[in-house]
Amino acid sequence: MKKAVIYSTTTGNTEAMANAVAEGVKASGADVLFAKADEANADDVLACDVIILGSPAMGDEVLEDSMEDFYGKIEGSISGKKVAIFGSYDWGDGQWLRDWADRITSSGATVVNGEGLKGHLEPDDDCVAECKKLGETA
């Protein structure tokens with residue numbers, strides 16, 4: 001099994017979450033494709049069994065620009081795929097993840113972690129543990 005962990009980050013908080021998710025993927029015995037959104041190859045990601053995407057909340061709770069661009073490249077090709085989402089935020093209540101989950105579902109994919117995994121600012125020990133679990137179970 002191969003899982004892609006693709007993320008964007010602005011302050012490093014979502015990157016810390018992505019690193020923990022990747023640790024969980026490795027602990028599960030799966031191969032991991034790990035990349036920033038602006039460096040990821042869409043075809044390589046779409047070839048994976050599970051796609052795990054991370055983005056911080058930006059502005060009025062929207063995806064970070066490089067993740068929006070990357071997701072736009074794969075959005076029309078994810079039907080039938082298993083997708084998980086995560087990200088960090090400072091304000092709001094997680095609307096960017098709920099909106100993203102709706103977009104993924106509308107594209108025919110299955111969001112395997114409900115409304116996504118959110119971490120407030122720098123991930124604490126509980127958040128890191130949840131990220132590792134996500135990598136293992138997605």
# chains A, B, ... in the order shown; residues from 1 in each chain; ligands from 1
>>> select_by_dssp(residues="range 34-117 of chain A", states="strand (DSSP E)", output="PyMOL selection string")
chain A and resi 34-36+50-54+57-58+62-63+82-89+110-111+117
>>> residues_around(residues="Glu115 in chain A", least_positions_apart="4", cutoff="12 Å", atoms="only C-alpha atoms", output="list in words")
Val83, Ala84, Ile85, Phe86, Gly87, Asp93, Gly94, Gln95, Trp96, Leu97, Arg98, Asp99, Trp100, Ala101, Asp102, Arg103, Ile104, Thr105, Thr110 and Val111 of chain A
>>> select_by_dssp(residues="range 29-128 of chain A", states="helix (DSSP H, G or I)", output="PyMOL selection string")
chain A and resi 42-46+65-77+95-106+125-128
>>> residues_around(residues="range 78-82 of chain A", least_positions_apart="3", cutoff="7 Å", atoms="only C-alpha atoms", output="PDB file with C-alpha atoms, in the first residue's frame")
ATOM      1  CA  VAL A  50      -4.742   6.843  -0.057  1.00  0.00           C
ATOM      2  CA  ILE A  51      -4.259  10.601  -0.419  1.00  0.00           C
ATOM      3  CA  ILE A  74      -6.316  16.503  -8.856  1.00  0.00           C
ATOM      4  CA  GLU A  75      -9.919  17.414  -7.981  1.00  0.00           C
ATOM      5  CA  SER A 107     -15.765  14.927  -6.600  1.00  0.00           C
ATOM      6  CA  GLY A 108     -16.712  11.320  -5.870  1.00  0.00           C
ATOM      7  CA  ALA A 109     -14.002  10.524  -3.334  1.00  0.00           C
ATOM      8  CA  THR A 110     -14.465   9.309   0.225  1.00  0.00           C
ATOM      9  CA  VAL A 111     -13.191  11.455   3.074  1.00  0.00           C
ATOM     10  CA  VAL A 112     -11.984   8.789   5.489  1.00  0.00           C
TER      11      VAL A 112
END
>>> atom_distance(atom1="CA of Gly92 in chain A", atom2="CA of Leu63 in chain A")
13.3 Å
>>> closest_residue(among="A:Glu68, A:Gly54, A:Asp44, A:Asp90", to="Ala22 in chain A", atoms="only C-alpha atoms")
A:Gly54
>>> residues_around(residues="range 122-127 of chain A", least_positions_apart="3", cutoff="9 Å", atoms="only C-alpha atoms", output="list in words")
Thr11, Gly12, Asn13, Thr14, Ala16, Met17, Ser88, Tyr89, Leu117, Lys118, Gly119, Glu130, Cys131 and Lys132 of chain A
>>> atom_distance(atom1="CA of Gly24 in chain A", atom2="CA of Asp38 in chain A")
22.7 Å
>>> closest_residue(among="A:Val32, A:Ala42, A:Ala20, A:Ala37", to="Pro56 in chain A", atoms="only C-alpha atoms")
A:Ala37
>>> atom_distance(atom1="CA of Asn41 in chain A", atom2="CA of Thr9 in chain A")
17.4 Å
>>> closest_residue(among="A:Ser8, A:Ala30, A:Ala18, A:Met1", to="Val128 in chain A", atoms="only C-alpha atoms")
A:Ala18
>>> residues_around(residues="Lys26 in chain A", least_positions_apart="5", cutoff="9 Å", atoms="only C-alpha atoms", output="VMD selection string")
chain A and resid 21 31 to 32 135 to 136
>>> residues_around(residues="Ala47 in chain A", least_positions_apart="4", cutoff="9 Å", atoms="only C-alpha atoms", output="list in words")
Lys2, Ala4, Ala42 and Asp43 of chain A
